[in-house]
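The structure file run-v3.tsv is reproduced below (TSV, C-alpha atoms (C1' of nucleotides) and all ligand atoms).
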```tsv
chain	number	residue	atom	x	y	z
A	15	MET	CA	-9.51	-27.67	4.88
A	16	HIS	CA	-6.39	-26.21	3.34
A	17	PRO	CA	-3.12	-27.17	5.07
A	18	THR	CA	-2.21	-23.56	5.75
A	19	PHE	CA	-5.21	-23.24	8.01
A	20	GLN	CA	-4.70	-26.50	9.83
A	21	HIS	CA	-2.88	-26.85	13.06
A	22	HIS	CA	0.42	-28.37	12.05
A	23	ASP	CA	4.02	-28.76	13.09
A	24	HIS	CA	5.22	-25.79	11.25
A	25	SER	CA	8.92	-26.50	11.61
A	26	HIS	CA	8.46	-29.18	8.96
A	27	CYS	CA	7.11	-27.03	6.17
A	28	ALA	CA	9.61	-24.31	7.07
A	29	GLY	CA	12.47	-26.77	6.81
A	30	ASP	CA	11.23	-28.14	3.52
A	31	SER	CA	10.77	-24.71	2.02
A	32	LEU	CA	14.18	-23.64	3.12
A	33	ALA	CA	15.81	-26.67	1.56
A	34	ARG	CA	13.88	-26.10	-1.66
A	35	ALA	CA	14.97	-22.48	-1.67
A	36	GLU	CA	18.63	-23.37	-1.30
A	37	ALA	CA	18.38	-25.86	-4.14
A	38	LEU	CA	16.67	-23.34	-6.38
A	39	MET	CA	19.21	-20.63	-5.72
A	40	ALA	CA	22.10	-23.00	-6.39
A	41	GLU	CA	20.47	-24.00	-9.65
A	42	ARG	CA	20.13	-20.38	-10.71
A	43	GLY	CA	23.50	-19.25	-9.49
A	44	ALA	CA	21.84	-16.75	-7.17
A	45	ARG	CA	23.31	-16.24	-3.73
A	46	LEU	CA	21.23	-17.02	-0.70
A	47	THR	CA	23.51	-15.15	1.68
A	48	PRO	CA	23.18	-15.32	5.46
A	49	VAL	CA	20.95	-12.24	5.77
A	50	ARG	CA	18.73	-13.36	2.94
A	51	LYS	CA	18.48	-16.85	4.28
A	52	ARG	CA	17.72	-15.59	7.75
A	53	VAL	CA	14.99	-13.31	6.41
A	54	LEU	CA	13.44	-16.22	4.59
A	55	GLU	CA	13.56	-18.26	7.78
A	56	ILE	CA	11.93	-15.45	9.69
A	57	LEU	CA	9.10	-15.30	7.18
A	58	LEU	CA	8.71	-19.06	7.21
A	59	GLU	CA	8.67	-19.21	10.99
A	60	ALA	CA	6.07	-16.48	11.21
A	61	HIS	CA	3.76	-18.17	8.72
A	62	LYS	CA	2.06	-14.84	8.25
A	63	ALA	CA	2.80	-11.52	6.64
A	64	LEU	CA	5.48	-9.45	8.33
A	65	GLY	CA	6.28	-5.80	7.74
A	66	ALA	CA	9.78	-4.83	6.69
A	67	TYR	CA	10.35	-3.23	10.06
A	68	ASP	CA	9.25	-6.34	11.91
A	69	VAL	CA	11.83	-8.30	9.99
A	70	LEU	CA	14.41	-5.60	10.54
A	71	GLN	CA	13.88	-5.69	14.27
A	72	ARG	CA	14.58	-9.39	14.41
A	73	LEU	CA	17.63	-9.05	12.21
A	74	ALA	CA	19.00	-6.28	14.35
A	75	ALA	CA	18.47	-8.37	17.48
A	76	GLU	CA	20.67	-11.02	15.91
A	77	GLY	CA	23.52	-8.72	15.05
A	78	TYR	CA	22.72	-7.83	11.45
A	79	GLY	CA	22.49	-4.24	10.31
A	80	ASN	CA	19.62	-2.31	11.80
A	81	GLN	CA	18.85	0.17	9.05
A	82	PRO	CA	15.83	-0.22	6.77
A	83	PRO	CA	17.76	-1.06	3.59
A	84	VAL	CA	19.07	-4.24	5.19
A	85	ALA	CA	15.56	-5.59	5.44
A	86	TYR	CA	14.24	-4.13	2.22
A	87	ARG	CA	17.09	-5.43	0.15
A	88	ALA	CA	16.79	-8.94	1.42
A	89	LEU	CA	13.03	-8.88	1.01
A	90	ASP	CA	13.28	-7.49	-2.50
A	91	PHE	CA	15.72	-10.23	-3.39
A	92	LEU	CA	13.40	-12.93	-2.08
A	93	VAL	CA	10.47	-11.47	-3.99
A	94	GLU	CA	12.47	-11.24	-7.20
A	95	GLN	CA	13.50	-14.85	-6.82
A	96	GLY	CA	9.95	-15.93	-6.12
A	97	LEU	CA	10.76	-17.11	-2.61
A	98	ALA	CA	8.45	-14.56	-1.03
A	99	HIS	CA	5.49	-12.45	-1.98
A	100	ARG	CA	4.59	-8.90	-1.17
A	101	ILE	CA	1.13	-8.35	0.23
A	102	GLN	CA	0.18	-4.91	-0.98
A	103	ARG	CA	-2.79	-4.54	1.25
A	104	LEU	CA	-0.69	-4.98	4.37
A	105	ASN	CA	2.56	-3.42	3.24
A	106	ALA	CA	4.02	-6.71	4.26
A	107	PHE	CA	5.78	-9.82	3.04
A	108	THR	CA	5.16	-13.53	3.29
A	109	ALA	CA	7.16	-16.60	2.34
A	110	CYS	CA	6.04	-18.36	-0.79
A	111	MET	CA	4.70	-21.84	-0.18
A	112	HIS	CA	5.29	-22.92	-3.77
A	113	ALA	CA	8.68	-21.57	-4.67
A	114	GLY	CA	9.85	-22.55	-8.12
A	115	GLU	CA	6.46	-23.79	-9.17
A	116	ALA	CA	5.47	-20.91	-11.45
A	117	HIS	CA	2.13	-20.09	-9.92
A	118	ALA	CA	-0.24	-17.12	-10.06
A	119	PRO	CA	-1.40	-16.94	-6.50
A	120	ALA	CA	-4.32	-15.30	-4.82
A	121	PHE	CA	-3.80	-14.39	-1.19
A	122	LEU	CA	-6.38	-15.00	1.46
A	123	ILE	CA	-5.67	-12.67	4.33
A	124	CYS	CA	-7.37	-13.14	7.66
A	125	ASP	CA	-8.51	-9.81	9.09
A	126	ARG	CA	-8.15	-11.12	12.59
A	127	CYS	CA	-4.97	-13.17	12.87
A	128	ALA	CA	-3.17	-11.93	9.73
A	129	THR	CA	-2.51	-15.44	8.52
A	130	VAL	CA	-1.95	-15.47	4.78
A	131	ALA	CA	-2.71	-18.45	2.54
A	132	GLU	CA	-2.02	-18.85	-1.13
A	133	ALA	CA	-4.90	-20.12	-3.20
A	134	PRO	CA	-4.36	-21.54	-6.67
A	135	VAL	CA	-6.09	-19.41	-9.25
A	136	ALA	CA	-4.56	-20.06	-12.62
A	137	PRO	CA	-7.98	-20.08	-14.32
A	138	ILE	CA	-8.80	-16.74	-12.75
A	139	ARG	CA	-5.68	-15.20	-14.13
A	140	ALA	CA	-6.50	-16.58	-17.56
A	141	ALA	CA	-9.97	-15.05	-17.40
A	142	LEU	CA	-8.57	-11.71	-16.39
A	143	GLU	CA	-6.02	-11.74	-19.17
A	144	ALA	CA	-8.71	-12.50	-21.68
A	145	ALA	CA	-10.88	-9.65	-20.43
A	146	ALA	CA	-7.92	-7.29	-20.50
A	147	ALA	CA	-6.91	-8.36	-23.98
A	148	GLU	CA	-10.35	-7.40	-25.24
A	149	MET	CA	-9.66	-3.94	-23.95
A	150	GLY	CA	-6.30	-3.85	-25.65
A	151	PHE	CA	-4.43	-4.10	-22.37
A	152	ALA	CA	-1.41	-6.37	-22.04
A	153	VAL	CA	-1.27	-7.78	-18.54
A	154	GLU	CA	2.12	-8.29	-17.02
A	155	ARG	CA	1.68	-8.82	-13.30
A	156	VAL	CA	-1.46	-9.59	-11.34
A	157	SER	CA	-2.09	-9.24	-7.67
A	158	LEU	CA	-5.19	-10.76	-6.21
A	159	GLU	CA	-5.75	-10.27	-2.52
A	160	ALA	CA	-8.83	-11.13	-0.54
A	161	THR	CA	-9.51	-10.36	3.08
A	162	GLY	CA	-11.91	-12.21	5.31
A	163	LEU	CA	-11.91	-14.72	8.11
A	164	CYS	CA	-9.87	-17.87	8.26
A	165	PRO	CA	-11.55	-21.04	9.52
A	166	ALA	CA	-10.11	-20.74	13.02
A	167	CYS	CA	-11.13	-17.11	13.54
A	168	ARG	CA	-14.49	-17.81	11.99
A	169	GLU	CA	-15.19	-20.43	14.58
A	170	ALA	CA	-14.02	-18.16	17.36
A	171	ALA	CA	-16.44	-15.48	16.15
B	9	MET	CA	-11.13	-1.02	-27.34
B	10	HIS	CA	-12.37	-0.01	-23.94
B	11	PRO	CA	-13.56	3.59	-23.64
B	12	THR	CA	-11.09	4.35	-20.87
B	13	PHE	CA	-8.23	3.78	-23.25
B	14	GLN	CA	-9.66	5.73	-26.13
B	15	HIS	CA	-8.90	9.31	-26.79
B	16	HIS	CA	-12.04	11.07	-25.68
B	17	ASP	CA	-13.40	14.37	-24.49
B	18	HIS	CA	-12.94	13.62	-20.89
B	19	SER	CA	-14.95	16.55	-19.59
B	20	HIS	CA	-18.06	14.62	-20.60
B	21	CYS	CA	-17.52	11.52	-18.54
B	22	ALA	CA	-16.29	13.64	-15.64
B	23	GLY	CA	-19.45	15.72	-15.77
B	24	ASP	CA	-21.67	12.68	-15.95
B	25	SER	CA	-19.94	10.97	-13.08
B	26	LEU	CA	-20.16	14.04	-10.93
B	27	ALA	CA	-23.87	14.39	-11.55
B	28	ARG	CA	-24.40	10.74	-10.77
B	29	ALA	CA	-22.41	11.14	-7.56
B	30	GLU	CA	-24.51	14.07	-6.41
B	31	ALA	CA	-27.70	12.15	-7.08
B	32	LEU	CA	-26.41	9.13	-5.20
B	33	MET	CA	-25.36	11.13	-2.18
B	34	ALA	CA	-28.70	12.92	-2.03
B	35	GLU	CA	-30.46	9.59	-2.18
B	36	ARG	CA	-28.41	8.24	0.71
B	37	GLY	CA	-28.50	11.36	2.81
B	38	ALA	CA	-24.71	11.58	2.68
B	39	ARG	CA	-23.10	14.97	2.32
B	40	LEU	CA	-20.99	15.71	-0.72
B	41	THR	CA	-19.42	18.81	0.82
B	42	PRO	CA	-17.27	21.25	-1.15
B	43	VAL	CA	-13.95	19.60	-0.27
B	44	ARG	CA	-15.27	16.15	-1.03
B	45	LYS	CA	-16.82	17.25	-4.25
B	46	ARG	CA	-13.64	19.02	-5.29
B	47	VAL	CA	-11.57	15.93	-4.54
B	48	LEU	CA	-13.89	13.84	-6.66
B	49	GLU	CA	-13.56	16.38	-9.47
B	50	ILE	CA	-9.80	16.27	-9.16
B	51	LEU	CA	-9.81	12.50	-9.48
B	52	LEU	CA	-12.20	12.61	-12.39
B	53	GLU	CA	-10.18	15.24	-14.20
B	54	ALA	CA	-6.97	13.29	-13.74
B	55	HIS	CA	-8.47	10.08	-15.09
B	56	LYS	CA	-5.67	8.22	-13.41
B	57	ALA	CA	-4.62	7.29	-9.92
B	58	LEU	CA	-3.49	10.17	-7.72
B	59	GLY	CA	-1.69	9.95	-4.42
B	60	ALA	CA	-3.21	11.61	-1.37
B	61	TYR	CA	-0.47	14.21	-1.40
B	62	ASP	CA	-1.06	15.03	-5.05
B	63	VAL	CA	-4.67	15.69	-4.22
B	64	LEU	CA	-3.69	17.65	-1.15
B	65	GLN	CA	-1.42	19.89	-3.14
B	66	ARG	CA	-4.22	20.83	-5.50
B	67	LEU	CA	-6.61	21.42	-2.64
B	68	ALA	CA	-4.14	23.66	-0.87
B	69	ALA	CA	-3.58	25.66	-4.05
B	70	GLU	CA	-7.30	26.37	-4.06
B	71	GLY	CA	-7.51	27.57	-0.49
B	72	TYR	CA	-8.54	24.41	1.30
B	73	GLY	CA	-6.59	23.07	4.24
B	74	ASN	CA	-3.10	21.90	3.40
B	75	GLN	CA	-2.61	19.19	5.99
B	76	PRO	CA	-2.76	15.48	5.13
B	77	PRO	CA	-5.98	14.69	7.00
B	78	VAL	CA	-7.88	17.06	4.74
B	79	ALA	CA	-7.09	14.89	1.75
B	80	TYR	CA	-7.26	11.54	3.50
B	81	ARG	CA	-10.63	12.24	5.03
B	82	ALA	CA	-12.18	13.28	1.78
B	83	LEU	CA	-10.65	10.31	-0.02
B	84	ASP	CA	-11.76	7.89	2.67
B	85	PHE	CA	-15.28	9.26	2.40
B	86	LEU	CA	-15.33	8.81	-1.35
B	87	VAL	CA	-14.04	5.26	-1.05
B	88	GLU	CA	-16.61	4.38	1.62
B	89	GLN	CA	-19.34	5.75	-0.58
B	90	GLY	CA	-18.08	3.84	-3.58
B	91	LEU	CA	-17.30	6.99	-5.54
B	92	ALA	CA	-13.60	6.21	-5.65
B	93	HIS	CA	-11.31	3.23	-5.32
B	94	ARG	CA	-8.02	2.82	-3.61
B	95	ILE	CA	-5.27	1.29	-5.73
B	96	GLN	CA	-3.12	-0.57	-3.24
B	97	ARG	CA	-0.27	-1.12	-5.58
B	98	LEU	CA	0.21	2.58	-6.12
B	99	ASN	CA	-0.83	3.92	-2.74
B	100	ALA	CA	-3.21	6.02	-4.76
B	101	PHE	CA	-6.84	6.71	-5.50
B	102	THR	CA	-8.96	6.82	-8.60
B	103	ALA	CA	-12.53	7.89	-9.30
B	104	CYS	CA	-14.97	5.04	-9.79
B	105	MET	CA	-16.42	4.86	-13.26
B	106	HIS	CA	-19.45	2.87	-12.15
B	107	ALA	CA	-20.59	4.52	-8.97
B	108	GLY	CA	-23.71	3.02	-7.49
B	109	GLU	CA	-23.58	-0.01	-9.73
B	110	ALA	CA	-22.39	-2.57	-7.17
B	111	HIS	CA	-19.44	-3.97	-9.02
B	112	ALA	CA	-16.39	-6.01	-8.10
B	113	PRO	CA	-13.77	-4.35	-10.22
B	114	ALA	CA	-10.37	-5.40	-11.40
B	115	PHE	CA	-7.96	-2.58	-12.07
B	116	LEU	CA	-5.73	-2.45	-15.09
B	117	ILE	CA	-2.85	-0.17	-14.31
B	118	CYS	CA	-0.53	1.04	-17.03
B	119	ASP	CA	3.09	0.90	-15.90
B	120	ARG	CA	3.98	3.74	-18.18
B	121	CYS	CA	1.26	6.37	-18.04
B	122	ALA	CA	-0.46	5.30	-14.81
B	123	THR	CA	-3.87	5.27	-16.42
B	124	VAL	CA	-6.24	3.04	-14.50
B	125	ALA	CA	-9.19	1.23	-16.05
B	126	GLU	CA	-11.83	-0.83	-14.34
B	127	ALA	CA	-12.52	-4.20	-15.89
B	128	PRO	CA	-15.69	-6.11	-15.08
B	129	VAL	CA	-14.86	-9.36	-13.33
B	130	ALA	CA	-17.90	-10.57	-11.46
B	131	PRO	CA	-17.30	-14.17	-12.56
B	132	ILE	CA	-13.74	-13.99	-11.33
B	133	ARG	CA	-14.85	-12.96	-7.90
B	134	ALA	CA	-17.33	-15.81	-7.83
B	135	ALA	CA	-14.60	-18.28	-8.77
B	136	LEU	CA	-12.32	-16.95	-6.07
B	137	GLU	CA	-15.01	-17.15	-3.44
B	138	ALA	CA	-15.70	-20.74	-4.38
B	139	ALA	CA	-12.02	-21.66	-4.15
B	140	ALA	CA	-11.72	-19.89	-0.80
B	141	ALA	CA	-14.84	-21.56	0.55
B	142	GLU	CA	-13.29	-24.94	-0.13
B	143	MET	CA	-10.44	-23.93	2.11
B	144	GLY	CA	-12.85	-22.79	4.79
B	145	PHE	CA	-12.07	-19.13	4.24
B	146	ALA	CA	-14.88	-16.58	4.18
B	147	VAL	CA	-14.02	-13.83	1.70
B	148	GLU	CA	-15.09	-10.35	2.56
B	149	ARG	CA	-13.25	-7.94	0.30
B	150	VAL	CA	-11.30	-8.64	-2.86
B	151	SER	CA	-8.77	-6.49	-4.59
B	152	LEU	CA	-7.59	-7.46	-8.02
B	153	GLU	CA	-4.96	-5.29	-9.63
B	154	ALA	CA	-3.04	-5.97	-12.79
B	155	THR	CA	-0.17	-3.97	-14.20
B	156	GLY	CA	0.90	-3.92	-17.81
B	157	LEU	CA	0.73	-1.70	-20.84
B	158	CYS	CA	-2.30	0.18	-22.04
B	159	PRO	CA	-3.01	0.20	-25.79
B	160	ALA	CA	-1.50	3.62	-26.33
B	161	CYS	CA	1.73	2.91	-24.51
B	162	ARG	CA	1.94	-0.47	-26.14
B	163	GLU	CA	1.91	1.14	-29.55
B	164	ALA	CA	4.50	3.68	-28.50
B	165	ALA	CA	6.76	0.86	-27.35
C	17	DC	C1'	47.36	-9.95	-6.48
C	18	DT	C1'	44.22	-6.77	-8.50
C	19	DA	C1'	40.30	-5.51	-10.75
C	20	DT	C1'	35.34	-6.11	-11.01
C	21	DG	C1'	30.92	-6.93	-9.69
C	22	DT	C1'	28.04	-7.70	-5.92
C	23	DA	C1'	26.58	-7.53	-1.07
C	24	DT	C1'	26.32	-5.14	3.26
C	25	DG	C1'	26.34	-1.19	6.62
C	26	DT	C1'	24.90	3.38	7.75
C	27	DA	C1'	23.21	8.14	7.59
C	28	DA	C1'	20.02	10.97	5.83
C	29	DT	C1'	15.75	11.80	3.75
C	30	DA	C1'	11.42	11.02	1.28
C	31	DT	C1'	6.78	9.33	1.14
C	32	DT	C1'	2.57	7.73	2.99
C	33	DA	C1'	-0.67	7.72	6.88
C	34	DT	C1'	-2.78	8.53	11.50
C	35	DA	C1'	-3.71	10.44	16.26
C	36	DA	C1'	-5.36	14.02	18.93
C	37	DC	C1'	-7.55	18.10	19.68
C	38	DA	C1'	-9.77	22.80	18.62
C	39	DG	C1'	-13.36	25.30	16.22
C	40	DG	C1'	-17.16	25.79	13.12
C	41	DT	C1'	-21.75	24.61	11.07
C	42	DC	C1'	-26.20	23.07	11.17
C	43	DA	C1'	-30.37	20.96	12.40
C	44	DA	C1'	-33.31	18.62	16.02
C	45	DG	C1'	-35.46	19.10	20.15
C	46	DA	C1'	-36.25	21.37	24.88
D	5	DT	C1'	-34.79	30.93	21.34
D	6	DC	C1'	-31.36	28.37	23.17
D	7	DT	C1'	-29.05	24.26	23.81
D	8	DT	C1'	-27.40	20.06	22.46
D	9	DG	C1'	-25.25	16.78	19.66
D	10	DA	C1'	-23.63	15.12	15.29
D	11	DC	C1'	-20.54	15.90	11.92
D	12	DC	C1'	-17.23	18.40	9.19
D	13	DT	C1'	-12.97	21.07	8.80
D	14	DG	C1'	-8.44	22.76	10.23
D	15	DT	C1'	-4.00	22.23	12.52
D	16	DT	C1'	-0.15	20.23	15.10
D	17	DA	C1'	2.44	16.55	15.83
D	18	DT	C1'	3.97	12.01	15.02
D	19	DA	C1'	4.01	7.29	13.20
D	20	DA	C1'	4.89	3.93	9.69
D	21	DT	C1'	6.74	2.75	5.36
D	22	DA	C1'	10.38	3.22	1.84
D	23	DT	C1'	14.37	5.07	-0.85
D	24	DT	C1'	18.81	7.60	-1.98
D	25	DA	C1'	23.51	8.02	-1.53
D	26	DC	C1'	27.70	6.76	-0.22
D	27	DA	C1'	31.24	3.97	2.24
D	28	DT	C1'	33.05	-0.56	3.19
D	29	DA	C1'	33.69	-5.52	2.71
D	30	DC	C1'	33.91	-9.58	0.16
D	31	DA	C1'	33.85	-12.77	-3.52
D	32	DT	C1'	35.58	-14.45	-7.82
D	33	DA	C1'	37.85	-14.02	-12.44
D	34	DG	C1'	41.77	-12.75	-14.88
E	1	ZN	ZN	3.81	-18.39	-3.83
E	2	ZN	ZN	-7.63	-15.86	11.37
E	3	ZN	ZN	-15.67	1.32	-9.67
E	4	ZN	ZN	-0.21	3.74	-20.77
```

Serialized structure, structure tokens:
Amino acid sequence: MHPTFQHHDHSHCAGDSLARAEALMAERGARLTPVRKRVLEILLEAHKALGAYDVLQRLAAEGYGNQPPVAYRALDFLVEQGLAHRIQRLNAFTACMHAGEAHAPAFLICDRCATVAEAPVAPIRAALEAAAAEMGFAVERVSLEATGLCPACREAA
Amino acid sequence: MHPTFQHHDHSHCAGDSLARAEALMAERGARLTPVRKRVLEILLEAHKALGAYDVLQRLAAEGYGNQPPVAYRALDFLVEQGLAHRIQRLNAFTACMHAGEAHAPAFLICDRCATVAEAPVAPIRAALEAAAAEMGFAVERVSLEATGLCPACREAA
DNA sequence: CTATGTATGTAATATTATAACAGGTCAAGA
DNA sequence: TCTTGACCTGTTATAATATTACATACATAG
């Protein structure tokens, strides 16, 4: 079973990801400011997709600004930097589990518990690009999102 | 080059699709009422993704109701019946070019002109389902959307 | 220090979507 | 025929998501 779906001490992977993120940002000269860092932490702690307003609520509770742009700007930054992904289907955001690794992820979204896992699908992307090229279309960005039931919810059902 | 991206007399494919839709609905005992039919026509005429409010505006101009549910209900019906698709990335809807054919489409969305084409990707879906199964995840619905440049806009650029 | 670019805070507004309820149509069955 | 029930349409109101515009603060380079 994939680690995302296993019961695990999540504080570990959150800590690791955070450290990796800080290293990456330093390397690139990008600024992981307090708000941005806190938003990343919030996403990592949640381990599932959160809406911008969910994030905003938590920020506000901690003394950061409580207007939508505060959340959207931080989230947009994280997405640009590849530290988070946007899940179109949910109008929500999730921390990237492979920051800096140059990956073309597919997202597996549980309909029940909203857990989001990233599946590796490089070959799929290649196949799509080939099909598109035949049609004369130049692919730039791909989003591949699947909904269904995660192992835990499947058992429960 | 794929037909969607070619210059073509679009009234033909719109007419064909509409006829096919009526046949399908009759077969299933579903009702393609005037509003629903008109919405499908609007999508077919546009040949690109339209937002619910774009559709609504046209409906209202023709004497139908001018409140959001009028558009959303018709669009939801068309999507349920497989006569249209929702494009998550654009919060928009587009007529299906293969109604009744049981297909798992990928959408190629032009960043410039918003034209949307359906690419056939049955093998891709199979590959994704296999990858997900290995992680214990049961896929139910897949949405695969790519943005980029269509042939025409590519030439222009 | 001062200018410059960048980040944050806030108000206002735009865009997308749904809930809840009132009538209207139509066909099946008493 | 009349009633019932399913379903479609219309409308009001509101929720949820997202952006624009502008003011302020803060860093760093010159
Ligand atoms: Zn990722
Ligand atoms: Zn689940
Ligand atoms: Zn289709
Ligand atoms: Zn184009």

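Minimum atom-to-atom distance to chain D, evaluated using all atoms listed in the file, belongs to A:Thr47 out of A:Thr18, A:Ser31, A:Thr47, A:Ser25.
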
Counting only C-alpha atoms (C1' of nucleotides) and all ligand atoms, what residues are within 12 Å of ligand ZN 3 (chain E), given as a PyMOL selection string? chain B and resi 25+86-95+101-116+124-129+151

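With the cut-off set to 9 Å and all atoms listed in the file counted, chain B residues close to chain D are Thr41, Gly73, Asn74, Gln75 and Val78 of chain B.
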
Kindly save the residues from that selection, with C-alpha atoms included, as a compact mmCIF listing (two decimals), in the coordinates of the input.
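What follows is the written file out33.txt:
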```txt
# COMPACT_ATOMS: atom_id res chain seq x y z
CA THR B 41 -19.42 18.81 0.82
CA GLY B 73 -6.59 23.07 4.24
CA ASN B 74 -3.10 21.90 3.40
CA GLN B 75 -2.61 19.19 5.99
CA VAL B 78 -7.88 17.06 4.74
```

Counting all atoms listed in the file, what are the residues, protein, DNA or RNA alike, that approach ligand ZN 2 (chain E) to within 10 Å? I want them as a list in words. Phe19, Ile123, Cys124, Asp125, Arg126, Cys127, Ala128, Thr129, Val130, Gly162, Leu163, Cys164, Pro165, Ala166, Cys167, Arg168, Glu169 and Ala170 of chain A; Phe145 of chain B

How close does chain B get to chain C? List, as a tab-separated table, each residue of chain B within 10 Å, its nearest atom pair and the distance in Å to one decimal, counting all atoms listed in the file.
```
residue	atom	partner	partner_atom	distance
B:Gly59	CA	C:DT32	C1'	8.8
B:Ala60	CA	C:DT32	C1'	8.2
B:Tyr61	CA	C:DT32	C1'	8.4
B:Pro76	CA	C:DA33	C1'	8.2
B:Pro77	CA	C:DT34	C1'	8.3
B:Tyr80	CA	C:DA33	C1'	8.3
B:Asn99	CA	C:DT32	C1'	7.7
B:Ala100	CA	C:DT32	C1'	9.8
```

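Coordinates place CA of Met39 (chain A) at a distance of 21.3 Å from CA of His61 (chain A).
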
Give me, as an MDAnalysis selection string, the contact residues of chain A against chain B at a cut-off of 7 Å, counting only C-alpha atoms. chainID A and resid 15:16 102:103 138 148:165

Just how far from CA of Ala138 (chain B) is CA of Ala136 (chain A), in Å to one decimal? 13.9 Å
